[in-house]
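Dropping structure35.csv in here (CSV, C-alpha atoms and all ligand atoms):
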chain,number,residue,atom,x,y,z
A,1,MET,CA,157.6,129.8,148.4
A,2,ILE,CA,156.8,127.5,151.2
A,3,GLU,CA,156.7,128.9,154.8
A,4,PRO,CA,158.9,126.3,156.7
A,5,SER,CA,157.4,127.3,160.1
A,6,SER,CA,153.9,126.5,158.9
A,7,CYS,CA,154.9,123.1,157.5
A,8,ARG,CA,154.3,119.7,159.1
A,9,PRO,CA,156.9,117.3,157.6
A,10,LEU,CA,155.7,115.5,154.5
A,11,ARG,CA,155.9,111.7,154.9
A,12,LEU,CA,157.7,110.3,151.9
A,13,GLY,CA,157.2,106.5,151.4
A,14,THR,CA,159.8,104.4,149.7
A,15,ARG,CA,160.6,100.8,149.0
A,16,GLY,CA,163.6,99.4,150.9
A,17,SER,CA,165.9,98.6,148.1
A,18,GLN,CA,169.2,100.5,147.8
A,19,LEU,CA,168.0,102.1,144.5
A,20,ALA,CA,164.7,103.1,146.0
A,21,ARG,CA,166.3,104.6,149.0
A,22,TRP,CA,168.7,106.6,146.9
A,23,GLN,CA,165.9,107.9,144.8
A,24,ALA,CA,163.8,108.8,147.9
A,25,ASP,CA,166.8,110.6,149.5
A,26,TRP,CA,167.4,112.5,146.3
A,27,VAL,CA,163.8,113.8,146.3
A,28,ALA,CA,163.8,114.4,150.1
A,29,ASP,CA,167.0,116.5,149.7
A,30,ARG,CA,165.5,118.6,146.9
A,31,LEU,CA,162.4,119.3,149.0
A,32,ARG,CA,164.4,120.1,152.1
A,33,ALA,CA,166.5,122.5,150.0
A,34,LEU,CA,163.2,124.3,149.2
A,35,GLY,CA,162.5,124.6,153.0
A,36,GLN,CA,160.1,121.7,153.1
A,37,PRO,CA,160.7,119.2,156.0
A,38,VAL,CA,160.5,115.6,155.0
A,39,GLU,CA,160.3,112.3,156.9
A,40,ILE,CA,161.2,109.1,155.1
A,41,ILE,CA,159.1,106.0,155.7
A,42,GLU,CA,160.1,102.5,154.4
A,43,VAL,CA,157.2,100.4,153.0
A,44,ARG,CA,157.9,96.8,152.1
A,45,THR,CA,156.4,95.6,148.8
A,46,ARG,CA,155.7,92.2,147.2
A,47,GLY,CA,158.2,93.0,144.5
A,48,ASP,CA,160.9,93.1,147.0
A,49,VAL,CA,159.9,90.0,148.8
A,50,GLN,CA,159.7,87.8,145.7
A,51,GLN,CA,163.1,88.0,144.1
A,52,SER,CA,163.5,84.5,142.8
A,53,GLY,CA,162.1,82.5,139.9
A,54,PRO,CA,161.2,83.8,136.5
A,55,ILE,CA,158.9,86.8,136.5
A,56,SER,CA,156.4,85.0,134.3
A,57,ALA,CA,155.9,82.3,137.0
A,58,ILE,CA,155.1,84.9,139.6
A,59,VAL,CA,152.6,86.6,137.3
A,60,GLU,CA,150.8,83.5,136.2
A,61,GLY,CA,151.1,81.8,139.6
A,62,SER,CA,149.2,83.6,142.3
A,63,GLY,CA,148.0,86.9,141.0
A,64,VAL,CA,150.7,88.7,143.0
A,65,GLY,CA,153.9,90.3,141.7
A,66,GLY,CA,154.1,91.3,138.0
A,67,GLN,CA,152.5,94.6,137.1
A,68,GLY,CA,152.6,97.0,139.9
A,69,ALA,CA,154.5,94.6,142.2
A,70,PHE,CA,156.8,97.5,143.3
A,71,THR,CA,154.2,100.2,143.5
A,72,LYS,CA,150.9,98.9,144.8
A,73,GLU,CA,151.8,98.9,148.5
A,74,LEU,CA,153.1,102.5,148.2
A,75,GLN,CA,149.8,103.5,146.5
A,76,ARG,CA,147.8,101.8,149.3
A,77,ALA,CA,149.8,103.7,151.9
A,78,LEU,CA,149.1,107.0,150.1
A,79,LEU,CA,145.4,106.2,149.9
A,80,ASP,CA,145.1,105.2,153.6
A,81,GLY,CA,147.0,108.4,154.6
A,82,SER,CA,150.0,106.8,156.2
A,83,ILE,CA,152.3,108.6,153.7
A,84,ASP,CA,151.9,111.8,151.7
A,85,LEU,CA,154.1,111.1,148.7
A,86,ALA,CA,155.7,108.1,147.1
A,87,VAL,CA,158.8,108.1,144.8
A,88,HIS,CA,158.6,105.6,141.9
A,89,SER,CA,160.9,104.6,139.1
A,90,LEU,CA,158.4,105.6,136.4
A,91,LYS,CA,159.2,102.5,134.4
A,92,ASP,CA,157.9,100.3,137.2
A,93,LEU,CA,154.7,102.4,137.6
A,94,PRO,CA,151.7,100.9,135.7
A,95,THR,CA,149.9,103.3,133.3
A,96,THR,CA,146.4,102.5,134.7
A,97,PRO,CA,145.3,105.6,136.7
A,98,VAL,CA,144.5,105.0,140.3
A,99,ASP,CA,141.5,106.8,141.6
A,100,GLY,CA,142.5,109.5,144.1
A,101,LEU,CA,146.2,109.5,143.2
A,102,LYS,CA,148.2,111.7,140.9
A,103,VAL,CA,151.8,112.0,139.7
A,104,GLY,CA,152.5,115.5,141.1
A,105,ALA,CA,156.0,115.9,139.6
A,106,VAL,CA,158.5,114.3,137.2
A,107,PRO,CA,161.9,115.7,137.9
A,108,GLN,CA,164.6,116.0,135.3
A,109,ARG,CA,165.6,112.7,133.8
A,110,ALA,CA,168.8,110.8,134.3
A,111,PRO,CA,170.5,109.0,131.4
A,112,ILE,CA,167.7,107.0,129.8
A,113,GLY,CA,169.5,104.2,128.0
A,114,ASP,CA,170.8,100.7,128.9
A,115,VAL,CA,174.4,99.8,129.5
A,116,LEU,CA,176.4,96.6,128.9
A,117,VAL,CA,178.3,95.2,131.9
A,118,SER,CA,180.8,92.7,130.7
A,119,HIS,CA,184.5,91.9,130.5
A,120,LEU,CA,184.1,90.6,126.9
A,121,ALA,CA,182.6,93.5,125.0
A,122,THR,CA,181.7,97.2,125.1
A,123,THR,CA,179.0,97.0,122.4
A,124,ILE,CA,176.3,94.5,121.5
A,125,ASP,CA,178.0,93.8,118.2
A,126,GLU,CA,181.3,93.0,119.9
A,127,LEU,CA,179.8,90.2,122.0
A,128,PRO,CA,181.3,86.9,121.0
A,129,GLN,CA,179.2,84.5,118.9
A,130,GLY,CA,176.8,82.6,121.2
A,131,ALA,CA,177.6,84.8,124.2
A,132,ARG,CA,175.3,84.3,127.3
A,133,VAL,CA,173.5,87.5,128.1
A,134,GLY,CA,171.5,87.9,131.3
A,135,THR,CA,168.3,89.9,131.4
A,136,GLY,CA,164.9,89.4,132.9
A,137,SER,CA,163.3,91.9,130.6
A,138,PHE,CA,161.3,90.9,127.5
A,139,ARG,CA,162.1,94.3,126.0
A,140,ARG,CA,165.9,93.8,126.2
A,141,ARG,CA,165.7,90.1,125.3
A,142,ALA,CA,163.7,90.7,122.1
A,143,GLN,CA,165.7,93.6,120.9
A,144,LEU,CA,169.0,91.8,121.5
A,145,LEU,CA,167.8,88.7,119.7
A,146,ASN,CA,166.5,90.9,116.8
A,147,ARG,CA,170.0,92.3,116.3
A,148,ARG,CA,172.0,89.2,117.4
A,149,PRO,CA,169.9,85.9,117.0
A,150,ASP,CA,173.0,83.9,118.0
A,151,LEU,CA,173.0,85.3,121.6
A,152,VAL,CA,171.8,83.0,124.4
A,153,ILE,CA,169.6,84.9,126.7
A,154,GLY,CA,169.4,83.8,130.3
A,155,ASP,CA,167.0,84.9,133.0
A,156,LEU,CA,168.3,87.5,135.4
A,157,ARG,CA,166.3,89.2,138.2
A,158,GLY,CA,166.8,90.7,141.6
A,159,ASN,CA,168.2,94.0,142.9
A,160,LEU,CA,171.2,95.5,141.1
A,161,ASP,CA,173.8,94.0,143.5
A,162,THR,CA,172.3,90.5,143.0
A,163,ARG,CA,172.4,90.9,139.2
A,164,LEU,CA,176.1,92.1,139.3
A,165,ARG,CA,177.0,89.1,141.5
A,166,LYS,CA,175.4,86.7,139.1
A,167,LEU,CA,177.6,88.2,136.3
A,168,ASP,CA,180.7,87.9,138.6
A,169,ASP,CA,179.8,84.2,139.3
A,170,SER,CA,180.1,83.6,135.6
A,171,GLU,CA,176.4,82.7,135.1
A,172,HIS,CA,176.4,85.2,132.2
A,173,ASP,CA,179.1,86.7,129.9
A,174,ALA,CA,177.3,90.0,129.9
A,175,ILE,CA,174.3,91.7,131.5
A,176,LEU,CA,172.2,94.7,130.5
A,177,LEU,CA,171.1,97.3,133.1
A,178,ALA,CA,169.6,100.7,133.0
A,179,GLU,CA,172.4,103.3,133.2
A,180,ALA,CA,170.3,105.4,135.6
A,181,GLY,CA,170.2,102.6,138.3
A,182,LEU,CA,173.9,101.7,137.9
A,183,THR,CA,175.2,105.2,138.2
A,184,ARG,CA,172.8,106.2,141.1
A,185,LEU,CA,174.3,103.4,143.1
A,186,GLY,CA,177.8,104.6,142.3
A,187,TRP,CA,178.8,101.5,140.2
A,188,ASN,CA,180.0,103.5,137.1
A,189,ASP,CA,183.2,101.5,137.2
A,190,ARG,CA,181.2,98.4,136.1
A,191,LEU,CA,179.9,100.1,132.9
A,192,ALA,CA,181.6,98.5,129.9
A,193,GLY,CA,179.6,100.5,127.3
A,194,ARG,CA,176.5,102.6,126.7
A,195,ILE,CA,174.0,101.2,124.3
A,196,PRO,CA,172.6,104.0,122.2
A,197,PRO,CA,168.8,104.3,122.5
A,198,SER,CA,168.5,104.1,118.7
A,199,GLU,CA,170.1,100.6,119.0
A,200,LEU,CA,168.0,99.4,121.9
A,201,LEU,CA,165.0,101.4,122.9
A,202,PRO,CA,164.6,102.0,126.6
A,203,ALA,CA,161.5,101.1,128.6
A,204,PRO,CA,158.8,103.8,128.8
A,205,GLY,CA,159.8,106.1,131.7
A,206,GLN,CA,163.3,104.7,132.1
A,207,GLY,CA,165.6,107.0,133.9
A,208,ALA,CA,162.8,109.1,135.2
A,209,LEU,CA,161.1,109.4,138.6
A,210,GLY,CA,157.4,109.9,139.3
A,211,ILE,CA,156.4,111.5,142.6
A,212,GLU,CA,152.9,110.4,143.4
A,213,CYS,CA,150.5,111.9,146.0
A,214,ARG,CA,146.8,112.2,146.7
A,215,SER,CA,145.1,114.2,144.0
A,216,ASP,CA,143.3,116.4,146.5
A,217,ASP,CA,146.4,117.1,148.7
A,218,GLU,CA,147.0,120.7,147.8
A,219,GLN,CA,149.9,121.1,150.3
A,220,THR,CA,151.9,118.3,148.9
A,221,LEU,CA,151.1,119.2,145.3
A,222,ALA,CA,152.3,122.7,145.9
A,223,ALA,CA,155.5,121.5,147.5
A,224,LEU,CA,156.2,119.1,144.6
A,225,ARG,CA,155.5,121.7,141.8
A,226,PRO,CA,159.1,123.2,141.8
A,227,LEU,CA,160.5,119.7,141.3
A,228,ASP,CA,158.7,119.1,138.0
A,229,ASP,CA,160.6,119.4,134.7
A,230,PHE,CA,158.2,119.9,131.9
A,231,GLY,CA,160.5,118.5,129.2
A,232,THR,CA,160.9,115.2,131.0
A,233,HIS,CA,157.2,115.1,132.1
A,234,ALA,CA,156.1,115.6,128.5
A,235,ALA,CA,158.5,113.0,127.1
A,236,ILE,CA,157.4,110.3,129.6
A,237,ALA,CA,153.7,111.3,129.1
A,238,ALA,CA,154.2,110.5,125.4
A,239,GLU,CA,156.0,107.2,126.1
A,240,ARG,CA,153.4,106.1,128.7
A,241,ALA,CA,150.5,107.1,126.5
A,242,ALA,CA,151.9,104.8,123.8
A,243,LEU,CA,152.4,102.0,126.3
A,244,ALA,CA,148.8,102.4,127.6
A,245,ARG,CA,147.3,102.5,124.1
A,246,LEU,CA,149.2,99.3,123.2
A,247,GLU,CA,148.2,97.8,126.5
A,248,GLY,CA,151.8,96.8,126.9
A,249,GLY,CA,152.3,96.6,130.6
A,250,CYS,CA,155.8,95.9,132.1
A,251,LEU,CA,156.0,92.4,130.4
A,252,ALA,CA,155.7,93.6,126.8
A,253,ALA,CA,158.6,93.5,124.4
A,254,LEU,CA,158.1,97.2,123.8
A,255,GLY,CA,160.5,100.1,123.9
A,256,ALA,CA,159.8,103.8,123.7
A,257,TRP,CA,162.1,106.8,123.4
A,258,GLY,CA,160.8,110.4,123.8
A,259,ARG,CA,163.3,113.2,123.3
A,260,TRP,CA,163.3,116.9,122.3
A,261,ASP,CA,164.5,117.9,118.9
A,262,ALA,CA,164.5,121.7,119.0
A,263,SER,CA,160.9,122.6,119.9
A,264,GLU,CA,159.5,119.3,118.8
A,265,LEU,CA,159.0,116.2,120.9
A,266,ARG,CA,160.0,113.1,119.0
A,267,LEU,CA,158.8,109.6,120.0
A,268,SER,CA,160.1,106.3,118.7
A,269,VAL,CA,158.3,103.1,119.7
A,270,VAL,CA,159.2,99.5,118.9
A,271,VAL,CA,157.1,96.3,119.5
A,272,LEU,CA,158.6,92.9,119.0
A,273,SER,CA,157.6,89.3,119.1
A,274,GLU,CA,159.0,87.5,122.2
A,275,ASP,CA,161.7,85.8,120.1
A,276,GLY,CA,162.7,89.1,118.5
A,277,VAL,CA,162.1,87.8,115.0
A,278,GLU,CA,159.2,90.1,114.2
A,279,ARG,CA,159.7,93.8,114.8
A,280,LEU,CA,157.5,96.9,114.2
A,281,ASP,CA,158.9,100.4,114.5
A,282,ALA,CA,157.1,103.8,114.4
A,283,GLU,CA,158.3,107.3,115.0
A,284,SER,CA,156.7,110.8,114.9
A,285,SER,CA,157.3,114.3,116.2
A,286,PHE,CA,155.0,117.1,117.2
A,287,SER,CA,155.4,120.6,118.4
A,288,VAL,CA,154.3,120.0,122.0
A,289,SER,CA,153.3,122.6,124.5
A,290,THR,CA,151.1,120.8,127.0
A,291,LEU,CA,151.1,117.3,128.6
A,292,ALA,CA,147.9,116.7,126.6
A,293,ASP,CA,149.8,117.3,123.4
A,294,ALA,CA,152.4,114.8,124.5
A,295,THR,CA,149.7,112.2,125.2
A,296,THR,CA,148.3,112.8,121.7
A,297,LEU,CA,151.8,112.1,120.2
A,298,GLY,CA,152.0,108.8,122.1
A,299,VAL,CA,148.6,107.7,121.0
A,300,THR,CA,149.3,108.6,117.4
A,301,VAL,CA,152.5,106.5,117.3
A,302,ALA,CA,150.8,103.6,119.0
A,303,ASP,CA,147.8,103.8,116.6
A,304,GLU,CA,150.3,103.6,113.7
A,305,LEU,CA,151.8,100.4,115.2
A,306,LEU,CA,148.3,98.9,115.9
A,307,ALA,CA,147.3,99.6,112.3
A,308,ARG,CA,150.4,97.6,111.2
A,309,GLY,CA,149.5,94.6,113.4
A,310,ALA,CA,151.2,95.3,116.8
A,311,ALA,CA,148.3,93.8,118.7
A,312,ALA,CA,149.2,90.3,117.4
A,313,LEU,CA,152.8,90.6,118.6
A,314,LEU,CA,151.7,91.8,122.1
A,315,ARG,CA,149.0,89.2,122.4
A,316,ASP,CA,151.7,86.5,122.1
A,317,ARG,CA,152.4,87.1,125.7
B,401,LIG,N1,163.1,97.1,136.6
B,401,LIG,C1,163.9,97.5,137.7
B,401,LIG,C2,164.4,98.9,137.6
B,401,LIG,N2,163.6,99.9,137.8
B,401,LIG,C3,164.3,101.1,137.7
B,401,LIG,C4,165.6,100.7,137.4
B,401,LIG,C5,166.7,101.7,137.1
B,401,LIG,C6,166.3,103.2,137.1
B,401,LIG,C7,165.5,103.6,136.0
B,401,LIG,O1,165.6,103.0,134.9
B,401,LIG,O2,164.7,104.5,136.1
B,401,LIG,C8,165.7,99.4,137.4
B,401,LIG,C9,166.9,98.6,137.1
B,401,LIG,C10,167.2,98.2,135.7
B,401,LIG,O3,166.3,98.0,134.9
B,401,LIG,O4,168.4,97.9,135.4

Taking this structure as input, can you express it in the form of structure tokens?
Amino acid sequence: MIEPSSCRPLRLGTRGSQLARWQADWVADRLRALGQPVEIIEVRTRGDVQQSGPISAIVEGSGVGGQGAFTKELQRALLDGSIDLAVHSLKDLPTTPVDGLKVGAVPQRAPIGDVLVSHLATTIDELPQGARVGTGSFRRRAQLLNRRPDLVIGDLRGNLDTRLRKLDDSEHDAILLAEAGLTRLGWNDRLAGRIPPSELLPAPGQGALGIECRSDDEQTLAALRPLDDFGTHAAIAAERAALARLEGGCLAALGAWGRWDASELRLSVVVLSEDGVERLDAESSFSVSTLADATTLGVTVADELLARGAAALLRDR
């Protein structure tokens, strides 16, 4: 147990978006409930500044944005000591390890799947022929087109409120969002239907938070330990190990779904061509008791996909 009197407040860094603030407050509240004072510090990131234009233009354009666009500045603030912990949406956190930093805790996961927001349909199969669906994610686009080649996918980026507004402005007939983000912001009333993960695999780490700190900061690591949920941590370790092995990054048409099936951790991974025509699926389950076991599961599933030609699909990008 932490001695509140001996504690300086931990400085928790967050991006300024509504979702990031919600997630930071959630972590801060849990730490405070354990007797740990927390001060929240807002850090502005390039991902927040650049909200317009297709994501590919930003990535190819100037070397900014793209992978790590939402997380780099927070990591820099951790390394230069201006904050002690950073709360990330794990699906936005690149898998490449950063020297001197460590994910100290992964709290229990929120719903992991995607949802449909639309007045026209509650499932993918109910969408009218040729419906215009908005998403900026290659993973969602490719899986949608694989199931429904008639759909017309339009680009959609920005914070959640921007995306919902573009739907309301009739730029799209439907949009896909992560259930975790939509419900954290209290917009459950917009949810038309949940898409089962088996129908559209989520992004690695979707619905889960990663709390990062300096790897030698024993005080912060000790404060974070009670927030860690091993079941979630192992599931995302498997998903992220597969992503890293496939060198997928956040632009890959790749989905991963780790979940517990009694005492076994089961991992499904899909890799698709950008147009969704080609699709490779693999699944495996192990009896997992350490994070290292979970990583092995992820590498095993990824290696099966690589043996079947996944690299050629990912290289398309
Ligand atoms: N890429 C943006 C992003 N990062 C995390 C979430 C939602 C929360 C989560 O999935 O953990 C979202 C929004 C979305 O994809 O709809």

Could you check the closest approach to Ala203 of chain A for each of A:Leu145, A:Ile236, A:Val106, A:Leu305 and tell me which residue wins, using all atoms listed in the file?
A:Ile236

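With only C-alpha atoms and all ligand atoms as the basis for measurement, A:Asp161 is the residue among A:Glu283, A:Asp150, A:Asp161, A:Glu39 that approaches ligand LIG 401 (chain B) most closely.
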
Distance filter 10 Å around ligand LIG 401 (chain B), atoms: all atoms listed in the file, out as JSON, numbers by chain
{"A": [19, 20, 23, 47, 70, 88, 89, 90, 91, 92, 93, 109, 110, 111, 112, 113, 114, 115, 135, 136, 137, 140, 157, 158, 159, 160, 163, 175, 176, 177, 178, 179, 180, 181, 182, 183, 184, 185, 202, 203, 204, 205, 206, 207, 208, 209, 210, 250]}

By how many Å are atom CA of Lys72 of chain A and atom CA of Pro107 of chain A apart?
21.2 Å

Please measure the separation of atom CA of Ile83 of chain A and atom CA of Leu221 of chain A, giving the value in Å to one decimal.
13.6 Å

Point-to-point distance in Å for atom CA of Leu297 of chain A and atom CA of Gly231 of chain A:
14.1 Å

Top pick for closest residue to Ile211 of chain A, considering A:Ser17, A:Thr162, A:Thr71, A:Ser284 and counting only C-alpha atoms:
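With only C-alpha atoms as the atom set, the closest residue is A:Thr71.
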
Best match for closeness to Cys213 of chain A among A:Val301, A:Ile124, A:Leu74, A:Ala253, counting all atoms listed in the file
A:Leu74

Within 9 Å of Ala24 of chain A, counting all atoms listed in the file, which residues show up once you throw out same-chain ones fewer than 6 positions away? Write them as a PyMOL selection string, please.
chain A and resi 12-15+40+86-88
